[in-house]
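Here is the structure we will look at, set down as structure tokens.
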4 protein chains.
Amino acid sequence: MCADVDYRIWELKKKVYEANMLLPKYSLVTLTWGNVSGIDRESGLMVIKPSGVPYDKLTPANMCVVDIADGSVKDEGFRPSSDTLTHVELYRAYSDIGGVVHTHSAYATAWAQACRGIPCYGTTHADHFYGEIPCVRPLTQEELDEGYEMNTGRVIISEFERLGIDPAAVPGCLCSCHGPFCWGKDPEDAVNCAVITEECAKMAFMTEVINNKAEVIPQRIMDKHYYRKHGEGAYYGQN
Amino acid sequence: MCADVDYRIWELKKKVYEANMLLPKYSLVTLTWGNVSGIDRESGLMVIKPSGVPYDKLTPANMCVVDIADGSVKDEGFRPSSDTLTHVELYRAYSDIGGVVHTHSAYATAWAQACRGIPCYGTTHADHFYGEIPCVRPLTQEELDEGYEMNTGRVIISEFERLGIDPAAVPGCLCSCHGPFCWGKDPEDAVNCAVITEECAKMAFMTEVINNKAEVIPQRIMDKHYYRKHGEGAYYGQN
Amino acid sequence: MCADVDYRIWELKKKVYEANMLLPKYSLVTLTWGNVSGIDRESGLMVIKPSGVPYDKLTPANMCVVDIADGSVKDEGFRPSSDTLTHVELYRAYSDIGGVVHTHSAYATAWAQACRGIPCYGTTHADHFYGEIPCVRPLTQEELDEGYEMNTGRVIISEFERLGIDPAAVPGCLCSCHGPFCWGKDPEDAVNCAVITEECAKMAFMTEVINNKAEVIPQRIMDKHYYRKHGEGAYYGQN
Amino acid sequence: MCADVDYRIWELKKKVYEANMLLPKYSLVTLTWGNVSGIDRESGLMVIKPSGVPYDKLTPANMCVVDIADGSVKDEGFRPSSDTLTHVELYRAYSDIGGVVHTHSAYATAWAQACRGIPCYGTTHADHFYGEIPCVRPLTQEELDEGYEMNTGRVIISEFERLGIDPAAVPGCLCSCHGPFCWGKDPEDAVNCAVITEECAKMAFMTEVINNKAEVIPQRIMDKHYYRKHGEGAYYGQN
């Protein structure tokens with residue numbers, strides 16, 4: 001690599017390291033579970049957590065570099081997360097995203113295990129996700145044999161197409177019997193989506209216990225909240 | 001402003017800042033959600049958290065000043081919370097209150113998403129709220145179009161009137177599909193109400209799971225507990 | 001008081017202070033809720049938390065002294081907990097106990113609000129309580145009028161008698177629509193009972209959700225666990 | 001003992017101490033509940049936590065040494081955990097294990113109290129346990145009389161045989177009305193199994209609330225995840 005790429009990748013390793021360290025901070029991971037990646041679009045290189053390394057042993061230097069063109073590992077040293085090829089597929093299909101995160105956070109994983117998407121019951125959800133966070137179908141035997149992690153990514157992508165969901169408006173999903181994948185404009189933003197997914201999963205769980213006939217938020221209020229934070233008419237925050 | 005008002009507003013900014021910092025301390029907020037305000041009744045100026053600023057970036061100096069006469073922002077710098085006009089309406093209608101808080105705390109928000117008020121199941125609730133914490137109706141399309149945040153406040157006020165609830169005896173409510181608003185004599189007292197609302201929401205959730213035919217507290221015990229802490233015959237605490 | 005009593009009461013104030021400070025440590029209290037007392041049997045003086053004082057403002061010196069003979073306050077300064085006369089009644093009736101604690105811990109309070117005792121579903125419970133932790137009846141209007149806190153204690157005592165429960169084998173109960181009272185050989189031991197009550201309340205809640213036909217622990221296993229820790233044949237611990 | 005054994009046992013005491021201290025770190029214990037052991041296979045000596053000692057009083061030096069040939073205590077000083085003979089039976093039957101842990105962690109204990117095994121609802125579970133974590137039957141009166149703790153171990157062993165479960169592929173179980181026992185290649189690995197058991201118990205609880213007709217993970221996905229981490233084809237982690 002030329003010096004310029006080297007520099008950018010080193011900066012990205014620091015960002016991806018910081019974003020991974022947010023997972024234990026937000027109580028989204030147990031033991032070594034979970035991983036965050038980021039991408040340098042110019043070189044097509046992705047940086048991701050190494051596989052099975054405890055969070056208190058992570059450093060920016062042991063983040064792994066992978067070429068999204070072919071999924072090949074670009075540096076010696078640590079083996080990348082076993083979920084690497086799922087991240088690769090998402091970056092290849094969704095050219096606007098800059099970060100991806102996978103966790104086994106408890107409530108979101110429970111919805112995935114229940115094979116149900118997370119209904120949009122309130123403004124907390126509508127502020128960030130424009131509608132249900134879908135639960136995508138389990139892989140077939142053939143998909144498992146052919147490449148489990150790659151096909152996990154491909155199933156997410158084809159399910160969003162089939163359901164007509166815009167991955168920019170719903171930046172995350174649940175994989176059946178597995179857990180959440182979320183994405184965002186950079187690694188930190190992707191982690192924020194994972195935090196919000198877990199919180200919405202928790203509140204939706206409680207909502208259904210409190211009212212087993214709970215209804216999703218009225219469309220007009222979902223629109224109001226989503227567009228208060230997104231798009232040209234947004235007026236939330238300082239920009 | 002004259003020096004006297006300047007001084008009082010600076011003191012209020014410190015109090016409002018401290019009250020906002022209680023929200024993460026009591027685990028009532030995730031990310032940047034939630035906001036606390038306080039008012040200087042003499043000048044009619046309200047101080048409130050800036051919009052979308054992370055709690056660890058807050059300082060007394062970046063609190064925002066708003067005139068409740070017309071909702072106008074009185075200083076340059078940060079944009080006030082997007083919920084500002086809800087706070088303004090509450091201060092205008094309830095002349096005895098000195099602080100307002102809004103959170104998306106998990107259990108209270110779940111009751112709001114379930115479109116149910118929090119029943120008064122026990123003395124923890126009756127010590128602070130004289131009866132159910134009501135869940136007020138969602139806004140109509142017209143109300144949304146006309147001014148979402150202003151009308152959120154107006155719906156709270158008109159619902160309390162319609163239901164015959166005294167906002168001094170029940171200093172908080174849930175907004176359907178959204179979350180709790182609470183108030184008190186000052187910003188810290190309002191936060192205490194938010195803490196209690198969340199704790200009562202949690203216990204009421206559990207109560208119904210343990211006994212799906214649970215009944216609200218007998219009126220005589222509610223009276224005893226409420227008046228042990230409030231009014232002329234109160235004998236709780238040191239005053 | 002003579003110097004000897006003064007000394008013993010000062011030592012007791014330190015113990016009662018330490019036991020009160022365990023309540024926030026074990027997450028059994030919110031805000032100022034909850035109180036622990038201890039007794040000096042020789043003088044008949046009880047030491048208890050002052051009413052409504054935040055835990056971070058407590059010191060051994062502001063603990064309050066009350067004579068259990070008549071419930072009178074024995075020192076100037078802080079007003080004792082509003083639940084003082086409930087503690088007094090328990091010390092008067094149960095001459096072997098040395099500490100009493102009252103909390104609004106979430107799960108135990110939810111069982112109280114559901115007006116149900118905590119069934120003995122497992123060995124965690126049987127290690128410490130020989131059978132169900134009962135939920136005693138609410139007070140009548142007459143009992144409320146006559147002395148709420150005193151009669152709260154008296155109802156506990158008469159309910160244990162009516163149900164044939166030994167307060168040494170079941171050192172705690174729930175008051176309907178209110179919360180738990182626990183006791184022990186000293187203030188710290190009483191707090192341990194409150195910790196165990198909350199943990200058993202939590203596990204019993206979960207147990208019924210997992211199996212809505214869950215049965216209480218077989219008598220033979222309850223006996224084995226209880227007597228492994230209590231009585232002459234006990235072999236748990238270091239004594 | 002010869003110097004060589006002395007040295008190895010001292011090293012083991014340090015490891016067992018460290019593993020016990022992980023229990024409060026991972027919030028798996030309340031008060032003094034729970035215990036971890038490890039074994040030196042060459043000498044047949046097991047090291048285990050002393051009975052009823054608070055975690056903040058534990059040191060490597062007060063760990064207890066027990067001969068698994070006959071369950072006899074090999075050093076003066078502290079009395080070993082009351083569950084010692086359960087650990088002994090597991091080491092005697094399962095010659096490949098190097099650590100055993102018992103806790104009363106809340107969710108796993110609730111499944112035990114509900115007398116239900118933890119179904120394998122997702123990949124979090126399948127990554128570590130090849131199928132349901134079984135709940136073994138309660139002891140009979142005769143087994144209780146004959147030796148409660150020894151027979152607790154023997155029932156686990158005979159139930160795994162009866163059910164045809166390989167204790168290497170399912171390194172843990174629930175004892176009816178009691179709580180989990182887990183094992184692993186060393187004390188730390190056994191604690192990891194206890195952490196995972198608790199997390200799977202929590203998620204399975206939620207899964208059933210979200211979908212009361214939830215189905216266990218498809219066999220093909222369980223196989224994929226389990227063998228991604230175990231056996232010759234494993235490719236998770238750094239080895």
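Residue names in the structure tokens use chain letters A, B, ... in the order shown, residue numbers from 1 in each chain, and ligand numbers from 1 in the order shown.
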
Next on the checklist: If you run DSSP on the backbone here, which positions in segment 48-211 of chain B get alpha helix (DSSP H)? Please write them as a VMD selection string.
Outcome noted: chain B and resid 84 to 93 106 to 113 123 to 126 141 to 163 187 to 210

Checklist entry - Within 9 Å of Cys200 of chain A, counting only C-alpha atoms, which residues qualify if same-chain residues fewer than 5 places away don't, as a PyMOL selection string? => result (chain A and resi 107-108+118-122+124-125+195+205) or (chain B and resi 106)

Convert the current residue selection to file output with all heavy atoms, as a short mmCIF file (atom, residue, chain, number, x, y, z; two decimals), in the first residue's frame.
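Below is the file that was written, selection-v1.cif:
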data_model
loop_
_atom_site.label_atom_id
_atom_site.label_comp_id
_atom_site.auth_asym_id
_atom_site.auth_seq_id
_atom_site.Cartn_x
_atom_site.Cartn_y
_atom_site.Cartn_z
N TYR A 107 -32.00 -8.62 24.39
CA TYR A 107 -33.38 -8.48 23.93
C TYR A 107 -33.49 -8.62 22.41
O TYR A 107 -34.40 -9.28 21.91
CB TYR A 107 -33.97 -7.13 24.38
CG TYR A 107 -34.35 -7.10 25.84
CD1 TYR A 107 -33.46 -6.61 26.80
CD2 TYR A 107 -35.58 -7.58 26.27
CE1 TYR A 107 -33.81 -6.59 28.15
CE2 TYR A 107 -35.93 -7.56 27.62
CZ TYR A 107 -35.04 -7.06 28.55
OH TYR A 107 -35.37 -7.04 29.88
N ALA A 108 -32.58 -8.01 21.68
CA ALA A 108 -32.64 -8.12 20.22
C ALA A 108 -32.45 -9.58 19.81
O ALA A 108 -33.14 -10.08 18.91
CB ALA A 108 -31.57 -7.23 19.59
N ILE A 118 -38.95 -6.57 15.15
CA ILE A 118 -39.32 -5.71 16.27
C ILE A 118 -40.31 -4.67 15.76
O ILE A 118 -39.95 -3.79 14.97
CB ILE A 118 -38.08 -5.01 16.87
CG1 ILE A 118 -37.01 -6.05 17.25
CG2 ILE A 118 -38.45 -4.15 18.06
CD1 ILE A 118 -35.66 -5.46 17.64
N PRO A 119 -41.58 -4.74 16.22
CA PRO A 119 -42.60 -3.79 15.73
C PRO A 119 -42.26 -2.37 16.20
O PRO A 119 -41.67 -2.18 17.26
CB PRO A 119 -43.89 -4.27 16.41
CG PRO A 119 -43.61 -5.64 16.94
CD PRO A 119 -42.13 -5.67 17.22
N CYS A 120 -42.67 -1.40 15.42
CA CYS A 120 -42.43 0.00 15.79
C CYS A 120 -43.57 0.46 16.70
O CYS A 120 -44.62 0.90 16.22
CB CYS A 120 -42.35 0.86 14.54
SG CYS A 120 -41.99 2.58 14.94
N TYR A 121 -43.35 0.37 18.00
CA TYR A 121 -44.41 0.70 18.95
C TYR A 121 -44.36 2.15 19.43
O TYR A 121 -45.27 2.59 20.13
CB TYR A 121 -44.34 -0.22 20.17
CG TYR A 121 -44.90 -1.60 19.94
CD1 TYR A 121 -44.16 -2.73 20.25
CD2 TYR A 121 -46.18 -1.77 19.42
CE1 TYR A 121 -44.68 -4.01 20.04
CE2 TYR A 121 -46.70 -3.04 19.21
CZ TYR A 121 -45.94 -4.15 19.52
OH TYR A 121 -46.45 -5.40 19.32
N GLY A 122 -43.26 2.87 19.14
CA GLY A 122 -43.21 4.20 19.72
C GLY A 122 -42.22 5.11 19.03
O GLY A 122 -41.55 4.74 18.06
N THR A 124 -39.43 6.35 20.21
CA THR A 124 -38.03 6.00 20.39
C THR A 124 -37.54 5.22 19.17
O THR A 124 -36.43 5.44 18.67
CB THR A 124 -37.86 5.10 21.64
OG1 THR A 124 -38.66 5.61 22.69
CG2 THR A 124 -36.42 5.02 22.06
N HIS A 125 -38.36 4.31 18.72
CA HIS A 125 -38.07 3.48 17.56
C HIS A 125 -38.16 4.33 16.28
O HIS A 125 -37.23 4.31 15.45
CB HIS A 125 -39.09 2.33 17.55
CG HIS A 125 -38.89 1.28 16.50
ND1 HIS A 125 -38.76 -0.05 16.80
CD2 HIS A 125 -38.82 1.36 15.16
CE1 HIS A 125 -38.63 -0.74 15.67
NE2 HIS A 125 -38.65 0.09 14.66
N VAL A 195 -27.24 0.05 19.78
CA VAL A 195 -27.75 0.47 21.10
C VAL A 195 -29.27 0.70 21.01
O VAL A 195 -30.04 0.24 21.86
CB VAL A 195 -27.05 1.77 21.57
CG1 VAL A 195 -27.75 2.35 22.79
CG2 VAL A 195 -25.58 1.51 21.84
N PHE A 205 -40.66 -5.68 23.96
CA PHE A 205 -40.92 -6.85 24.81
C PHE A 205 -41.88 -6.46 25.94
O PHE A 205 -42.91 -7.10 26.17
CB PHE A 205 -39.57 -7.33 25.37
CG PHE A 205 -39.64 -8.34 26.48
CD1 PHE A 205 -39.62 -9.70 26.20
CD2 PHE A 205 -39.67 -7.94 27.81
CE1 PHE A 205 -39.66 -10.64 27.24
CE2 PHE A 205 -39.71 -8.87 28.85
CZ PHE A 205 -39.71 -10.22 28.55
N ALA B 106 -37.19 3.14 30.19
CA ALA B 106 -37.71 1.94 29.52
C ALA B 106 -39.11 1.51 29.96
O ALA B 106 -39.99 1.29 29.12
CB ALA B 106 -36.73 0.79 29.70
#

Next on the checklist: List as a PyMOL selection string the protein and nucleic acid residues near segment 209-214 of chain C, meaning an atom at most 9 Å away when only C-alpha atoms are counted, but skip any in the same chain fewer than 6 places from it.
Outcome noted: (chain B and resi 209-210) or (chain C and resi 121) or (chain D and resi 110-111+113-116+205+208-209)

Selected residues, N, CA and C atoms, written as an mmCIF file, in the first residue's frame, please.
data_model
loop_
_atom_site.group_PDB
_atom_site.id
_atom_site.type_symbol
_atom_site.label_atom_id
_atom_site.label_comp_id
_atom_site.auth_asym_id
_atom_site.auth_seq_id
_atom_site.Cartn_x
_atom_site.Cartn_y
_atom_site.Cartn_z
ATOM 1 N N VAL B 209 -47.775 -9.306 35.909
ATOM 2 C CA VAL B 209 -47.289 -10.634 35.509
ATOM 3 C C VAL B 209 -47.523 -11.628 36.659
ATOM 4 N N ILE B 210 -47.286 -11.183 37.881
ATOM 5 C CA ILE B 210 -47.452 -12.063 39.044
ATOM 6 C C ILE B 210 -48.931 -12.364 39.303
ATOM 7 N N TYR C 121 -39.920 -21.976 45.699
ATOM 8 C CA TYR C 121 -39.724 -22.770 44.484
ATOM 9 C C TYR C 121 -38.363 -23.465 44.433
ATOM 10 N N ALA D 110 -34.018 -20.005 37.803
ATOM 11 C CA ALA D 110 -35.464 -19.970 37.548
ATOM 12 C C ALA D 110 -35.881 -21.131 36.633
ATOM 13 N N TRP D 111 -35.083 -21.448 35.617
ATOM 14 C CA TRP D 111 -35.391 -22.616 34.780
ATOM 15 C C TRP D 111 -35.342 -23.888 35.623
ATOM 16 N N GLN D 113 -35.909 -24.105 38.816
ATOM 17 C CA GLN D 113 -37.092 -24.086 39.685
ATOM 18 C C GLN D 113 -38.360 -24.439 38.893
ATOM 19 N N ALA D 114 -38.354 -24.096 37.619
ATOM 20 C CA ALA D 114 -39.497 -24.432 36.768
ATOM 21 C C ALA D 114 -39.397 -25.882 36.287
ATOM 22 N N CYS D 115 -38.319 -26.561 36.685
ATOM 23 C CA CYS D 115 -38.090 -27.970 36.296
ATOM 24 C C CYS D 115 -38.087 -28.155 34.774
ATOM 25 N N ARG D 116 -37.445 -27.206 34.093
ATOM 26 C CA ARG D 116 -37.339 -27.299 32.640
ATOM 27 C C ARG D 116 -35.887 -27.102 32.212
ATOM 28 N N PHE D 205 -35.811 -17.316 28.214
ATOM 29 C CA PHE D 205 -36.945 -16.753 28.955
ATOM 30 C C PHE D 205 -37.656 -15.703 28.106
ATOM 31 N N GLU D 208 -39.488 -17.022 24.820
ATOM 32 C CA GLU D 208 -40.810 -17.626 25.012
ATOM 33 C C GLU D 208 -41.880 -16.585 25.324
ATOM 34 N N VAL D 209 -41.491 -15.495 25.960
ATOM 35 C CA VAL D 209 -42.467 -14.431 26.210
ATOM 36 C C VAL D 209 -42.835 -13.748 24.884
#

Item to check | Nearest to chain B, chosen from A:Thr109, A:Gln219, A:Gln141, A:Ser95, with only C-alpha atoms counted in the distances | outcome: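 Once distances to chain B are computed over only C-alpha atoms, the minimum belongs to A:Gln219.
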
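Using only C-alpha atoms for every distance, the candidate list A:Ser51, A:Asp56, A:Tyr26, A:Ile68 yields A:Tyr26 as the residue closest to chain B.
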
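The closest residue to Phe181 of chain D, picked from D:Val53, D:Ala194, D:Val73, D:Leu12 and counting only C-alpha atoms, is D:Ala194.
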
Next on the checklist: Residues of segment 17-157 of chain A classed as strand (DSSP E or B) by DSSP on the backbone are to be reported as a ChimeraX atom specification.
Outcome noted: /A:35-40,45-48,50,64-67,73,80,99-102,118,133,135-136

Just the selected residues (N, CA, C and O atoms), exported as an mmCIF file, in the first residue's frame, please.
data_model
loop_
_atom_site.group_PDB
_atom_site.id
_atom_site.type_symbol
_atom_site.label_atom_id
_atom_site.label_comp_id
_atom_site.auth_asym_id
_atom_site.auth_seq_id
_atom_site.Cartn_x
_atom_site.Cartn_y
_atom_site.Cartn_z
ATOM 1 N N ASN A 35 -18.878 -7.825 17.157
ATOM 2 C CA ASN A 35 -17.781 -7.283 16.363
ATOM 3 C C ASN A 35 -18.261 -6.079 15.583
ATOM 4 O O ASN A 35 -19.407 -6.008 15.168
ATOM 5 N N VAL A 36 -17.339 -5.127 15.414
ATOM 6 C CA VAL A 36 -17.617 -3.911 14.652
ATOM 7 C C VAL A 36 -16.563 -3.799 13.556
ATOM 8 O O VAL A 36 -15.396 -4.160 13.781
ATOM 9 N N SER A 37 -16.991 -3.300 12.389
ATOM 10 C CA SER A 37 -16.040 -3.031 11.308
ATOM 11 C C SER A 37 -16.273 -1.631 10.762
ATOM 12 O O SER A 37 -17.299 -1.001 11.027
ATOM 13 N N GLY A 38 -15.288 -1.160 9.988
ATOM 14 C CA GLY A 38 -15.406 0.106 9.265
ATOM 15 C C GLY A 38 -14.738 -0.060 7.907
ATOM 16 O O GLY A 38 -14.006 -1.029 7.685
ATOM 17 N N ILE A 39 -15.004 0.859 7.006
ATOM 18 C CA ILE A 39 -14.445 0.702 5.663
ATOM 19 C C ILE A 39 -13.798 1.983 5.163
ATOM 20 O O ILE A 39 -14.228 3.092 5.505
ATOM 21 N N ASP A 40 -12.727 1.799 4.391
ATOM 22 C CA ASP A 40 -12.115 2.887 3.636
ATOM 23 C C ASP A 40 -12.557 2.690 2.184
ATOM 24 O O ASP A 40 -12.070 1.791 1.495
ATOM 25 N N LEU A 45 -10.785 -1.303 1.428
ATOM 26 C CA LEU A 45 -10.304 -2.113 2.557
ATOM 27 C C LEU A 45 -11.202 -1.905 3.786
ATOM 28 O O LEU A 45 -11.560 -0.776 4.125
ATOM 29 N N MET A 46 -11.520 -3.029 4.409
ATOM 30 C CA MET A 46 -12.356 -3.032 5.609
ATOM 31 C C MET A 46 -11.485 -3.392 6.809
ATOM 32 O O MET A 46 -10.595 -4.235 6.699
ATOM 33 N N VAL A 47 -11.736 -2.753 7.940
ATOM 34 C CA VAL A 47 -11.027 -3.072 9.182
ATOM 35 C C VAL A 47 -12.039 -3.674 10.143
ATOM 36 O O VAL A 47 -13.156 -3.146 10.293
ATOM 37 N N ILE A 48 -11.689 -4.802 10.794
ATOM 38 C CA ILE A 48 -12.642 -5.507 11.659
ATOM 39 C C ILE A 48 -11.920 -6.110 12.856
ATOM 40 O O ILE A 48 -10.708 -6.360 12.821
ATOM 41 N N PRO A 50 -10.506 -8.741 15.511
ATOM 42 C CA PRO A 50 -10.002 -10.119 15.374
ATOM 43 C C PRO A 50 -10.960 -11.100 16.056
ATOM 44 O O PRO A 50 -11.724 -10.724 16.937
ATOM 45 N N CYS A 64 -8.005 -6.205 12.173
ATOM 46 C CA CYS A 64 -7.621 -6.923 10.945
ATOM 47 C C CYS A 64 -8.091 -6.175 9.689
ATOM 48 O O CYS A 64 -9.170 -5.569 9.703
ATOM 49 N N VAL A 65 -7.312 -6.278 8.633
ATOM 50 C CA VAL A 65 -7.644 -5.606 7.366
ATOM 51 C C VAL A 65 -8.042 -6.649 6.323
ATOM 52 O O VAL A 65 -7.341 -7.646 6.127
ATOM 53 N N VAL A 66 -9.174 -6.405 5.675
ATOM 54 C CA VAL A 66 -9.731 -7.349 4.698
ATOM 55 C C VAL A 66 -10.136 -6.560 3.450
ATOM 56 O O VAL A 66 -10.705 -5.477 3.568
ATOM 57 N N ASP A 67 -9.832 -7.132 2.293
ATOM 58 C CA ASP A 67 -10.212 -6.501 1.026
ATOM 59 C C ASP A 67 -11.639 -6.939 0.679
ATOM 60 O O ASP A 67 -11.903 -8.138 0.550
ATOM 61 N N VAL A 73 -7.583 -11.544 3.480
ATOM 62 C CA VAL A 73 -6.976 -10.869 4.622
ATOM 63 C C VAL A 73 -5.700 -10.182 4.151
ATOM 64 O O VAL A 73 -4.899 -10.791 3.440
ATOM 65 N N PRO A 80 -9.319 -12.478 11.306
ATOM 66 C CA PRO A 80 -10.469 -11.577 11.520
ATOM 67 C C PRO A 80 -11.684 -12.330 12.066
ATOM 68 O O PRO A 80 -11.760 -13.562 11.969
ATOM 69 N N GLY A 99 -19.931 1.647 8.372
ATOM 70 C CA GLY A 99 -19.681 0.819 9.554
ATOM 71 C C GLY A 99 -20.745 -0.246 9.704
ATOM 72 O O GLY A 99 -21.903 -0.017 9.315
ATOM 73 N N VAL A 100 -20.343 -1.411 10.225
ATOM 74 C CA VAL A 100 -21.278 -2.521 10.458
ATOM 75 C C VAL A 100 -20.987 -3.091 11.842
ATOM 76 O O VAL A 100 -19.828 -3.150 12.268
ATOM 77 N N VAL A 101 -22.044 -3.505 12.537
ATOM 78 C CA VAL A 101 -21.845 -4.112 13.855
ATOM 79 C C VAL A 101 -22.766 -5.316 14.021
ATOM 80 O O VAL A 101 -23.906 -5.316 13.533
ATOM 81 N N HIS A 102 -22.230 -6.341 14.677
ATOM 82 C CA HIS A 102 -23.017 -7.523 15.021
ATOM 83 C C HIS A 102 -22.858 -7.770 16.511
ATOM 84 O O HIS A 102 -21.751 -7.721 17.033
ATOM 85 N N ILE A 118 -38.955 -6.569 15.149
ATOM 86 C CA ILE A 118 -39.317 -5.705 16.266
ATOM 87 C C ILE A 118 -40.310 -4.665 15.764
ATOM 88 O O ILE A 118 -39.946 -3.791 14.974
ATOM 89 N N ILE A 133 -38.107 -3.337 12.509
ATOM 90 C CA ILE A 133 -36.767 -3.884 12.258
ATOM 91 C C ILE A 133 -37.003 -5.354 11.906
ATOM 92 O O ILE A 133 -37.403 -6.148 12.757
ATOM 93 N N CYS A 135 -37.002 -9.347 10.801
ATOM 94 C CA CYS A 135 -36.260 -10.571 11.123
ATOM 95 C C CYS A 135 -36.163 -11.370 9.822
ATOM 96 O O CYS A 135 -37.196 -11.802 9.294
ATOM 97 N N VAL A 136 -34.962 -11.537 9.314
ATOM 98 C CA VAL A 136 -34.821 -12.205 8.016
ATOM 99 C C VAL A 136 -34.765 -13.729 8.195
ATOM 100 O O VAL A 136 -34.412 -14.234 9.246
#

Show which residues sit within 12 Å of Asp145 of chain B, as a compact mmCIF listing (two decimals) with all heavy atoms, in the first residue's frame. Count only C-alpha atoms, and ignore same-chain residues fewer than 4 positions away.
# COMPACT_ATOMS: atom_id res chain seq x y z
N ARG A 220 -48.91 8.60 11.09
CA ARG A 220 -48.65 10.05 11.10
C ARG A 220 -47.62 10.42 12.16
O ARG A 220 -46.82 11.35 11.97
CB ARG A 220 -49.96 10.82 11.33
CG ARG A 220 -50.61 10.61 12.70
CD ARG A 220 -51.95 11.34 12.84
NE ARG A 220 -52.50 11.21 14.18
CZ ARG A 220 -53.17 10.14 14.63
NH1 ARG A 220 -53.39 9.10 13.83
NH2 ARG A 220 -53.62 10.11 15.88
N ILE A 221 -47.60 9.68 13.28
CA ILE A 221 -46.64 10.02 14.34
C ILE A 221 -45.26 9.45 13.98
O ILE A 221 -44.24 10.06 14.25
CB ILE A 221 -47.15 9.51 15.71
CG1 ILE A 221 -48.51 10.17 16.01
CG2 ILE A 221 -46.14 9.84 16.80
CD1 ILE A 221 -49.12 9.77 17.34
N ASP A 223 -44.12 9.17 10.95
CA ASP A 223 -43.59 10.13 9.97
C ASP A 223 -43.03 11.37 10.67
O ASP A 223 -41.92 11.81 10.38
CB ASP A 223 -44.70 10.58 9.00
CG ASP A 223 -45.02 9.50 7.97
OD1 ASP A 223 -44.21 8.56 7.82
OD2 ASP A 223 -46.08 9.59 7.34
N LYS A 224 -43.82 11.93 11.57
CA LYS A 224 -43.40 13.14 12.27
C LYS A 224 -42.05 12.93 12.94
O LYS A 224 -41.13 13.74 12.80
CB LYS A 224 -44.46 13.51 13.32
CG LYS A 224 -44.10 14.71 14.16
CD LYS A 224 -44.11 15.98 13.34
CE LYS A 224 -43.37 17.11 14.03
NZ LYS A 224 -43.23 18.28 13.15
N LEU B 139 -51.80 12.60 19.31
CA LEU B 139 -52.22 13.81 18.60
C LEU B 139 -52.92 13.46 17.29
O LEU B 139 -52.63 12.43 16.67
CB LEU B 139 -51.00 14.70 18.31
CG LEU B 139 -50.62 15.69 19.43
CD1 LEU B 139 -50.26 14.96 20.71
CD2 LEU B 139 -49.47 16.58 18.99
N THR B 140 -53.84 14.31 16.90
CA THR B 140 -54.49 14.15 15.59
C THR B 140 -53.56 14.67 14.50
O THR B 140 -52.57 15.35 14.78
CB THR B 140 -55.80 14.96 15.53
OG1 THR B 140 -55.45 16.35 15.67
CG2 THR B 140 -56.74 14.57 16.65
N GLN B 141 -53.94 14.37 13.25
CA GLN B 141 -53.14 14.87 12.13
C GLN B 141 -53.08 16.40 12.16
O GLN B 141 -52.01 16.99 11.95
CB GLN B 141 -53.76 14.40 10.80
CG GLN B 141 -52.95 14.80 9.58
CD GLN B 141 -51.62 14.06 9.51
OE1 GLN B 141 -51.58 12.83 9.50
NE2 GLN B 141 -50.51 14.78 9.51
N GLU B 149 -44.86 19.81 18.98
CA GLU B 149 -44.38 19.90 20.36
C GLU B 149 -45.31 20.77 21.21
O GLU B 149 -45.62 20.43 22.35
CB GLU B 149 -42.94 20.43 20.39
CG GLU B 149 -41.94 19.46 19.78
CD GLU B 149 -41.87 19.52 18.25
OE1 GLU B 149 -42.54 20.41 17.66
OE2 GLU B 149 -41.16 18.71 17.65
N MET B 150 -45.76 21.89 20.64
CA MET B 150 -46.71 22.74 21.37
C MET B 150 -47.97 21.94 21.71
O MET B 150 -48.44 21.94 22.84
CB MET B 150 -47.08 23.95 20.51
CG MET B 150 -48.12 24.85 21.14
SD MET B 150 -48.69 26.13 19.97
CE MET B 150 -49.72 25.15 18.85
N ASN B 151 -48.50 21.24 20.73
CA ASN B 151 -49.74 20.50 20.97
C ASN B 151 -49.55 19.29 21.87
O ASN B 151 -50.51 18.85 22.52
CB ASN B 151 -50.38 20.11 19.64
CG ASN B 151 -51.14 21.28 19.05
OD1 ASN B 151 -51.71 22.08 19.79
ND2 ASN B 151 -51.12 21.40 17.72
N THR B 152 -48.35 18.75 21.94
CA THR B 152 -48.09 17.69 22.91
C THR B 152 -48.36 18.24 24.31
O THR B 152 -49.02 17.59 25.14
CB THR B 152 -46.64 17.19 22.78
OG1 THR B 152 -46.49 16.58 21.50
CG2 THR B 152 -46.29 16.17 23.87

Item to check | Thr103 of chain C environment, 7 Å, only C-alpha atoms, sequence neighbours closer than 2 positions dropped, as a PyMOL selection string | outcome: chain C and resi 28-29+33-35+101+105+179-181

Item to check | For Tyr17 of chain B: contacts at 7 Å, only C-alpha atoms, fewer than 5 positions along chain excluded, given as number ranges by chain | outcome: B: 59-60, 63
